[in-house]
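Note: the block below is run17.cif and it holds mmCIF, C-alpha atoms.
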data_start
#
loop_
_atom_site.label_atom_id
_atom_site.label_comp_id
_atom_site.auth_asym_id
_atom_site.auth_seq_id
_atom_site.Cartn_x
_atom_site.Cartn_y
_atom_site.Cartn_z
CA MET A 169 121.28 129.50 104.05
CA LEU A 170 118.84 126.62 103.71
CA ILE A 171 119.05 123.54 105.94
CA LEU A 172 117.58 120.39 104.41
CA ASP A 173 116.54 117.45 106.54
CA ARG A 174 118.18 114.27 105.23
CA SER A 175 117.28 112.08 108.20
CA SER A 176 115.67 108.70 107.76
CA GLY A 177 112.14 109.30 106.58
CA PRO A 178 112.65 112.15 104.14
CA TRP A 179 115.69 110.21 102.93
CA SER A 180 117.11 106.70 103.17
CA HIS A 181 120.60 105.57 104.13
CA VAL A 182 122.61 102.44 103.50
CA GLU A 183 125.68 101.36 105.41
CA VAL A 184 128.26 99.41 103.42
CA THR A 185 130.94 97.57 105.40
CA GLY A 186 133.58 94.90 104.74
CA GLY A 187 137.18 94.90 103.60
CA ASP A 188 136.28 95.30 99.92
CA ARG A 189 133.73 98.11 100.39
CA VAL A 190 135.78 100.89 98.77
CA ARG A 191 136.96 98.82 95.81
CA PHE A 192 133.48 97.35 95.34
CA LEU A 193 131.67 100.72 95.29
CA HIS A 194 134.39 102.26 93.15
CA GLY A 195 133.70 99.62 90.51
CA LEU A 196 129.92 99.78 90.83
CA THR A 197 129.18 103.53 90.92
CA THR A 198 130.21 106.47 88.77
CA ILE A 199 131.84 108.04 91.87
CA ASN A 200 135.62 107.95 92.29
CA VAL A 201 135.32 106.40 95.74
CA GLU A 202 139.00 105.54 95.99
CA ALA A 203 139.93 109.21 95.60
CA LEU A 204 137.68 110.36 98.45
CA ALA A 205 139.38 111.15 101.73
CA GLU A 206 137.80 110.07 105.00
CA GLY A 207 134.67 112.18 105.37
CA GLY A 208 134.65 112.85 101.63
CA HIS A 209 131.33 113.21 99.85
CA GLY A 210 130.27 112.64 96.25
CA TRP A 211 127.26 112.43 93.96
CA GLY A 212 126.82 109.73 91.35
CA ALA A 213 124.83 106.84 89.99
CA ILE A 214 124.70 103.10 89.58
CA LEU A 215 124.30 102.21 85.93
CA SER A 216 123.16 99.19 83.98
CA PRO A 217 125.78 97.49 81.77
CA LYS A 218 124.28 99.53 78.91
CA GLY A 219 124.94 102.77 80.78
CA ARG A 220 121.38 103.58 81.86
CA VAL A 221 120.69 105.12 85.28
CA LEU A 222 119.40 102.57 87.82
CA SER A 223 120.04 104.60 90.98
CA VAL A 224 121.10 108.15 91.86
CA LEU A 225 122.88 108.55 95.19
CA GLN A 226 125.17 110.53 97.41
CA LEU A 227 128.07 108.79 99.14
CA THR A 228 130.12 109.54 102.24
CA ARG A 229 133.36 107.69 102.92
CA ALA A 230 133.95 107.11 106.63
CA ALA A 231 136.78 105.36 108.47
CA ASP A 232 135.13 101.96 108.81
CA ARG A 233 132.17 102.16 106.46
CA VAL A 234 130.74 103.89 103.42
CA LEU A 235 127.32 105.53 103.67
CA LEU A 236 124.94 105.84 100.74
CA HIS A 237 122.25 108.51 100.89
CA LEU A 238 119.29 108.30 98.54
CA GLU A 239 115.61 108.92 97.96
CA PRO A 240 113.36 106.39 99.73
CA VAL A 241 112.00 105.15 96.39
CA LEU A 242 115.52 103.95 95.56
CA LEU A 243 116.27 102.11 98.80
CA GLU A 244 115.09 98.62 97.90
CA PRO A 245 116.26 98.73 94.26
CA THR A 246 119.70 99.92 95.39
CA LEU A 247 120.01 97.23 98.06
CA ALA A 248 119.07 94.67 95.40
CA LEU A 249 121.79 95.98 93.08
CA LEU A 250 124.39 95.84 95.85
CA GLU A 251 123.43 92.26 96.63
CA ARG A 252 123.47 91.25 92.97
CA TYR A 253 126.99 92.52 92.34
CA ALA A 254 128.58 91.53 95.67
CA VAL A 255 129.24 87.93 94.65
CA MET A 256 132.81 87.22 95.76
CA ASP A 257 133.44 90.47 97.62
CA ASP A 258 133.90 91.00 101.35
CA VAL A 259 131.10 93.53 101.53
CA SER A 260 127.81 93.85 103.36
CA ALA A 261 125.03 96.42 102.90
CA ARG A 262 122.07 97.24 105.11
CA ALA A 263 119.57 100.03 105.54
CA ILE A 264 120.14 102.08 108.68
CA GLU A 265 118.40 104.86 110.61
CA LEU A 266 120.36 108.09 110.51
CA ALA A 267 119.94 111.71 111.56
CA ALA A 268 121.50 113.93 108.91
CA TYR A 269 121.17 117.26 107.14
CA GLN A 270 122.74 119.41 104.44
CA ARG A 271 123.34 123.15 104.28
CA TRP A 272 122.81 124.91 100.96
CA THR A 273 123.77 128.52 100.28
CA ASP A 274 123.22 128.66 96.52
CA ALA A 275 122.25 126.36 93.68
CA SER A 276 125.83 125.38 92.83
CA SER A 277 126.75 124.56 96.43
CA ALA A 278 123.84 122.13 96.60
CA TRP A 279 125.88 119.60 94.62
CA ALA A 280 128.95 119.97 96.86
CA ALA A 281 127.30 120.22 100.28
CA PRO A 282 128.46 117.32 102.46
CA MET A 283 126.05 115.12 104.35
CA GLU A 284 126.40 116.22 107.98
CA LEU A 285 125.45 113.62 110.56
CA GLY A 286 123.39 114.43 113.62
CA PRO A 287 120.33 116.61 114.33
CA ALA A 288 119.96 119.77 112.25
CA PRO A 289 121.39 122.84 114.04
CA GLY A 290 118.37 124.99 113.26
CA PRO A 291 115.00 125.11 111.50
CA VAL A 292 114.87 122.92 108.40
CA ALA A 293 113.22 123.71 105.08
CA THR A 294 109.63 122.63 104.65
CA ALA A 295 108.86 120.01 102.02
CA ALA A 296 107.61 122.76 99.69
CA GLU A 297 110.75 124.89 100.22
CA ALA A 298 112.99 121.86 99.68
CA GLU A 299 111.21 121.02 96.41
CA ILE A 300 111.64 124.56 95.07
CA ALA A 301 115.33 124.52 96.03
CA ARG A 302 115.78 121.09 94.43
CA ILE A 303 114.49 122.37 91.10
CA GLU A 304 116.56 125.56 91.36
CA ALA A 305 119.63 123.37 91.95
CA GLY A 306 118.74 121.04 89.10
CA GLN A 307 118.89 118.00 91.35
CA LEU A 308 117.21 114.87 90.08
CA ARG A 309 114.18 113.05 91.38
CA TYR A 310 114.29 109.43 90.31
CA GLY A 311 111.29 108.34 88.28
CA VAL A 312 110.52 112.00 87.58
CA ASP A 313 113.56 113.70 86.01
CA VAL A 314 115.64 110.59 85.39
CA GLY A 315 114.98 106.87 85.15
CA ALA A 316 116.12 103.56 83.73
CA ASP A 317 115.80 104.81 80.15
CA ASP A 318 118.24 107.67 80.68
CA PHE A 319 122.02 108.03 80.53
CA PRO A 320 123.90 110.03 83.19
CA PHE A 321 125.36 112.36 80.55
CA GLU A 322 121.82 113.48 79.75
CA THR A 323 121.50 115.01 83.22
CA PRO A 324 123.48 117.31 85.53
CA LEU A 325 125.36 114.17 86.60
CA ALA A 326 127.37 114.76 83.42
CA ALA A 327 129.45 117.38 85.25
CA LEU A 328 130.34 114.81 87.92
CA LEU A 329 131.41 111.94 85.67
CA ASP A 330 135.07 111.09 86.25
CA TYR A 331 136.56 109.91 82.96
CA GLY A 332 139.86 109.02 84.61
CA LYS A 333 138.66 106.78 87.45
CA GLY A 334 138.88 103.46 85.63
CA CYS A 335 136.36 100.70 85.02
CA TYR A 336 132.87 100.58 86.50
CA VAL A 337 129.58 99.04 85.47
CA GLY A 338 128.20 100.89 82.44
CA GLN A 339 131.43 102.76 81.78
CA GLU A 340 131.92 101.69 78.16
CA PRO A 341 128.77 103.24 76.61
CA VAL A 342 129.23 106.38 78.73
CA PHE A 343 132.83 106.81 77.55
CA ARG A 344 131.89 106.04 73.95
CA VAL A 345 129.26 108.78 73.81
CA HIS A 346 131.60 111.19 75.59
CA ALA A 347 134.32 110.53 73.00
CA GLN A 348 131.95 110.85 70.06
CA GLY A 349 129.94 113.76 71.41
CA GLN A 350 126.70 112.21 70.20
CA GLY A 351 124.28 112.80 73.07
CA GLN A 352 120.83 113.59 71.71
CA ARG A 353 119.08 115.16 74.68
CA MET A 354 119.79 116.87 77.99
CA LEU A 355 117.97 117.89 81.15
CA ARG A 356 117.82 121.67 81.12
CA GLY A 357 116.16 124.42 83.13
CA LEU A 358 113.34 126.56 81.76
CA ARG A 359 112.54 130.03 83.05
CA VAL A 360 109.28 131.65 82.03
CA ASP A 361 109.86 135.03 80.43
CA ALA A 362 107.78 137.19 82.75
CA SER A 363 108.48 139.91 85.29
CA PRO A 364 107.64 139.47 89.00
CA GLY A 365 103.95 140.18 89.49
CA ASP A 366 103.06 139.09 85.97
CA PRO A 367 100.46 136.27 86.21
CA ALA A 368 102.57 134.21 83.78
CA ALA A 369 105.33 134.05 86.40
CA GLU A 370 103.03 133.05 89.23
CA ARG A 371 101.68 129.70 88.06
CA PRO A 372 103.82 126.63 87.39
CA LEU A 373 104.30 125.08 84.01
CA THR A 374 102.50 121.78 83.50
CA VAL A 375 104.54 118.63 84.13
CA GLY A 376 104.43 116.61 80.93
CA ALA A 377 103.92 119.70 78.74
CA THR A 378 105.69 119.75 75.38
CA VAL A 379 108.62 122.10 74.85
CA VAL A 380 108.24 123.80 71.46
CA HIS A 381 111.38 125.15 69.78
CA PRO A 382 111.38 127.20 66.55
CA ALA A 383 113.42 124.45 64.87
CA LYS A 384 111.58 121.50 66.41
CA PRO A 385 107.87 121.47 67.38
CA LYS A 386 108.33 118.60 69.83
CA ALA A 387 111.67 119.47 71.36
CA GLY A 388 111.19 118.06 74.85
CA THR A 389 109.03 117.46 77.89
CA VAL A 390 108.72 119.21 81.25
CA THR A 391 109.64 116.82 84.09
CA SER A 392 109.42 119.04 87.21
CA ALA A 393 107.93 122.51 87.68
CA THR A 394 107.48 125.06 90.43
CA VAL A 395 107.16 128.75 91.16
CA SER A 396 110.27 130.08 92.85
CA PRO A 397 109.98 133.17 95.06
CA ARG A 398 113.35 134.17 93.62
CA LEU A 399 113.02 133.25 89.94
CA GLY A 400 109.32 132.98 89.17
CA ALA A 401 107.96 130.04 87.17
CA ILE A 402 110.78 127.58 86.46
CA ALA A 403 110.99 123.96 85.39
CA LEU A 404 113.24 121.07 84.54
CA ALA A 405 112.77 119.59 81.09
CA MET A 406 114.40 116.86 79.05
CA VAL A 407 115.05 118.54 75.70
CA HIS A 408 116.46 117.54 72.33
CA ARG A 409 119.89 118.87 71.39
CA THR A 410 118.15 121.30 69.01
CA ALA A 411 116.73 123.10 72.03
CA TRP A 412 119.42 122.70 74.66
CA PRO A 413 121.71 125.70 74.01
CA PRO A 414 121.36 128.04 77.03
CA GLY A 415 119.59 131.24 76.03
CA ASP A 416 117.40 129.64 73.36
CA ARG A 417 113.77 130.67 73.45
CA VAL A 418 111.01 128.06 73.58
CA ASP A 419 107.26 127.92 74.13
CA VAL A 420 105.66 125.80 76.86
CA ASP A 421 101.99 125.85 77.84
CA GLY A 422 101.52 128.86 75.61
CA ARG A 423 104.18 130.80 77.51
CA ALA A 424 107.57 131.95 76.31
CA ALA A 425 110.52 130.61 78.26
CA THR A 426 114.30 130.67 78.13
CA VAL A 427 116.50 127.57 78.25
CA VAL A 428 118.91 127.64 81.19
CA GLU A 429 121.93 125.47 81.96
CA LEU A 430 121.54 123.78 85.32
CA PRO A 431 121.71 124.72 88.09
CA PHE A 432 119.90 128.07 87.98
CA ALA A 433 122.98 130.14 88.77
CA ASP A 434 121.14 133.08 90.34
CA ALA A 435 119.34 130.99 93.00
CA ARG A 436 120.61 131.77 96.49
CA TRP A 437 119.12 131.07 99.91
#

So that I can check it, write out the structure of this file as structure tokens.
Amino acid sequence: MLILDRSSGPWSHVEVTGGDRVRFLHGLTTINVEALAEGGHGWGAILSPKGRVLSVLQLTRAADRVLLHLEPVLLEPTLALLERYAVMDDVSARAIELAAYQRWTDASSAWAAPMELGPAPGPVATAAEAEIARIEAGQLRYGVDVGADDFPFETPLAALLDYGKGCYVGQEPVFRVHAQGQGQRMLRGLRVDASPGDPAAERPLTVGATVVHPAKPKAGTVTSATVSPRLGAIALAMVHRTAWPPGDRVDVDGRAATVVELPFADARW
């Protein structure tokens, strides 16, 4: 098990209060806030009216407030979005200090792990360990793996989109692409084809490197890369639909790699 420190500092937290808080956040984020029970947790995004990702966040519904948990780089932009849309709503948002942590057991559980409030019950992962686990889990870093030019269905957030929750900002273009099946690119994992101990598995791929596919010389770009003690050299890359089928072989940095659907299913801690 890996314990990740989500306290203020490594992460940021926003407290949303007011009588309209649930309805307001339900209509602003991709998360089905109304369906969450007290203590319920969800991942999602705030989108532009054109469906582009403006913020990626986790959300916890409490009895008298809703907590948003996000990367520090997103704190001010997210507060600005909340203020912009809360025109006639009984809702108030403010940054707060919070002690919190998450427990991950494997790459899939990383997306479902609730935000637990209070001091961590044991040693927490170092920054380096947390970054390796983040890439293994396929979790997004804003401004690195996803940004304001991207749609949520181009990322692992696609698995969390609720197409039955009703209207929210940016819903129409997201639903249209979902119905037509016309997405052109997707964030995928890459795993260098090398055995443990092989030098090719012991140095990270270059962020920004081009992904070369047999059918498309410029099939994508590496966004995050690391060397996992469990999986060797792995990366996240935004790739064209030509190169996104799991199992396809590509070339990156002169090394052969295999395309992997996120998260890396065999990552466990």

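Minimum distance to Gly376 of chain A across A:His181, A:Pro240, A:Leu249, A:Ser392 (counting all atoms listed in the file) occurs at A:Ser392.
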
Identify the residues around (123.6, 109.2, 92.1) within a radius of 9 Å, measuring from all atoms listed in the file in the coordinates stated by the file, and give them as a ChimeraX atom specification.
/A:197-199,210-214,221-227,237-238,308,320,325

Which is closest to Asp274 of chain A among A:Val190, A:Ala296, A:Leu243, A:Ala301, if we use all atoms listed in the file?
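With all atoms listed in the file as the atom set, the closest residue is A:Ala301.
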
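From atom CA of Lys333 of chain A back to atom CA of Arg262 of chain A, the distance works out to 26.0 Å.
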
Using all atoms listed in the file, the shortest atom-to-atom distance to Ala275 of chain A among A:Ala369, A:Leu204, A:Ile300, A:Ala424 belongs to A:Ile300

For Leu235 of chain A: contacts at 12 Å, only C-alpha atoms, fewer than 5 positions along chain excluded, given as number ranges by chain
A: 180-185, 189-190, 193, 201, 206-211, 225-230, 260-266, 268, 282-285

Hey, could you pull the box centre and edge lengths for segment 376-395 of chain A, axis-aligned, 4 Å padding per side, all listed atoms, to one decimal in Å, as JSON?
{"center_x": 108.7, "center_y": 122.7, "center_z": 78.0, "size_x": 17.5, "size_y": 20.1, "size_z": 34.3}

So how many Å separate atom CA of Val420 of chain A and atom CA of Arg356 of chain A, to one decimal?
13.5 Å

Residues near Ala267 of chain A, cut-off 10 Å, all atoms listed in the file, skip fewer than 6 positions along chain, as an MDAnalysis selection string
chainID A and resid 173:177 179 181 284:288

Put those residues in a file: C-alpha atoms, as a PDB file, in the frame of the given file.
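Wrote it out as result01.pdb, contents follow:
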ATOM      1  CA  ASP A 173     116.540 117.450 106.540  1.00  0.00           C
ATOM      2  CA  ARG A 174     118.180 114.270 105.230  1.00  0.00           C
ATOM      3  CA  SER A 175     117.280 112.080 108.200  1.00  0.00           C
ATOM      4  CA  SER A 176     115.670 108.700 107.760  1.00  0.00           C
ATOM      5  CA  GLY A 177     112.140 109.300 106.580  1.00  0.00           C
ATOM      6  CA  TRP A 179     115.690 110.210 102.930  1.00  0.00           C
ATOM      7  CA  HIS A 181     120.600 105.570 104.130  1.00  0.00           C
ATOM      8  CA  GLU A 284     126.400 116.220 107.980  1.00  0.00           C
ATOM      9  CA  LEU A 285     125.450 113.620 110.560  1.00  0.00           C
ATOM     10  CA  GLY A 286     123.390 114.430 113.620  1.00  0.00           C
ATOM     11  CA  PRO A 287     120.330 116.610 114.330  1.00  0.00           C
ATOM     12  CA  ALA A 288     119.960 119.770 112.250  1.00  0.00           C
TER      13      ALA A 288
END

Name the residues within 9 Å of (116.6, 125.5, 106.3), counting all atoms listed in the file in the file's coordinates, and put them as a PyMOL selection string.
chain A and resi 169-173+270-272+288+290-294+297-298+437

Since I can't run it myself right now, could you work out what the PyMOL selection byres ((chain A and resi 307) around 10) selects here and report it as a list in words?
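So the PyMOL selection byres ((chain A and resi 307) around 10), applied here, picks out Ala275, Ala278, Trp279, Glu299, Ala301, Arg302, Ile303, Glu304, Ala305, Gly306, Leu308, Arg309, Tyr310, Asp313, Thr323, Pro324, Leu325, Leu404, Leu430 and Pro431 of chain A.
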